[in-house]
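Working notes, structure below.
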Amino acid sequence: MNSLQWSDFQKVDIRAGTIVQAQPFPEARRPAYKLHVDFGPQIGIKKTSAQITDLYDPQELVGKQVLAVVNFPPKQIGPFMSECLVTGLHQADGSVVLASVDKPLANGARLA
């Protein structure tokens, strides 16, 4: 494992946000959802694509607070422009569990 300097970690802007919209993304190469995540008034709502269809339904995602990297450059994913990276952890079977918070936070709270 490579060592990481504190200054490197500080460059990654990870924020809490609430999923306000989730819908299927049938054009994606691998099963995914299109998500709109609210990061509060300073950052606003950002879009992303997430390959989390194994464990989540779109309806249950709305209202869920997640952790996401908000300072990556936008990335074109098929016909969709992704503006952030929702974080998650892979299980042994390949499914992804979203990284979230255990208590409600203000949207836009930064991981410290």
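If you're wondering about the labels, chains in the structure tokens are A, B, ... by order shown, residues count from 1 in each chain, ligands from 1 in order shown.
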Apply DSSP to the backbone of this structure and, from stretch 30-108 of chain A, keep only the residues in alpha helix (DSSP H); write these as a PyMOL selection string. chain A and resi 58-61
Close residues, A:Gly44 itself excluded, 12 Å, only C-alpha atoms, min 6 positions apart in chain, as an NGL selection string: :A and (15-20 or 36-38 or 70 or 83-84 or 107-108)
As a PyMOL selection string, please: all residues of chain A that backbone DSSP puts in strand (DSSP E or B). chain A and resi 14-24+33-38+45-50+65-69+75-77+80-82+85-86+88-90+96-98+100+110
Residues near stretch 86-89 of chain A, cut-off 6 Å, only C-alpha atoms, skip fewer than 4 positions along chain, as a compact mmCIF listing (two decimals) with C-alpha atoms, in the first residue's frame:
# COMPACT_ATOMS: atom_id res chain seq x y z
CA LEU A 67 -20.88 10.66 0.68
CA ALA A 68 -19.55 11.84 -2.67
CA VAL A 96 -21.80 -2.04 -4.02
CA VAL A 97 -22.94 -0.72 -0.63
CA LEU A 98 -23.23 3.07 -0.60
CA ALA A 99 -21.07 5.02 1.85
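Between atom CA of A:Lys11 and atom CA of A:Ala50 the separation is 22.5 Å.
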Nearest to A:Glu27: which of A:Ile77, A:Val62, A:Ile14, A:Leu4 is it, counting only C-alpha atoms?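 Once distances to A:Glu27 are computed over only C-alpha atoms, the minimum belongs to A:Ile77.
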Name all residues at most 9 Å from A:Gly78 (count only C-alpha atoms; drop same-chain ones fewer than 3 positions away) and give them as an mmCIF file with N, CA and C atoms, in the first residue's frame.
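around_11.cif, written as the output of this step:
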data_model
loop_
_atom_site.group_PDB
_atom_site.id
_atom_site.type_symbol
_atom_site.label_atom_id
_atom_site.label_comp_id
_atom_site.auth_asym_id
_atom_site.auth_seq_id
_atom_site.Cartn_x
_atom_site.Cartn_y
_atom_site.Cartn_z
ATOM 1 N N GLU A 27 -29.175 3.188 -20.848
ATOM 2 C CA GLU A 27 -28.132 3.352 -21.863
ATOM 3 C C GLU A 27 -26.743 2.974 -21.349
ATOM 4 N N ALA A 28 -26.583 2.803 -20.045
ATOM 5 C CA ALA A 28 -25.277 2.465 -19.463
ATOM 6 C C ALA A 28 -24.851 1.066 -19.894
ATOM 7 N N ARG A 29 -23.535 0.870 -20.047
ATOM 8 C CA ARG A 29 -23.018 -0.447 -20.435
ATOM 9 C C ARG A 29 -23.287 -1.490 -19.357
ATOM 10 N N MET A 81 -23.858 13.268 -18.444
ATOM 11 C CA MET A 81 -22.679 13.918 -17.879
ATOM 12 C C MET A 81 -22.682 13.740 -16.366
#
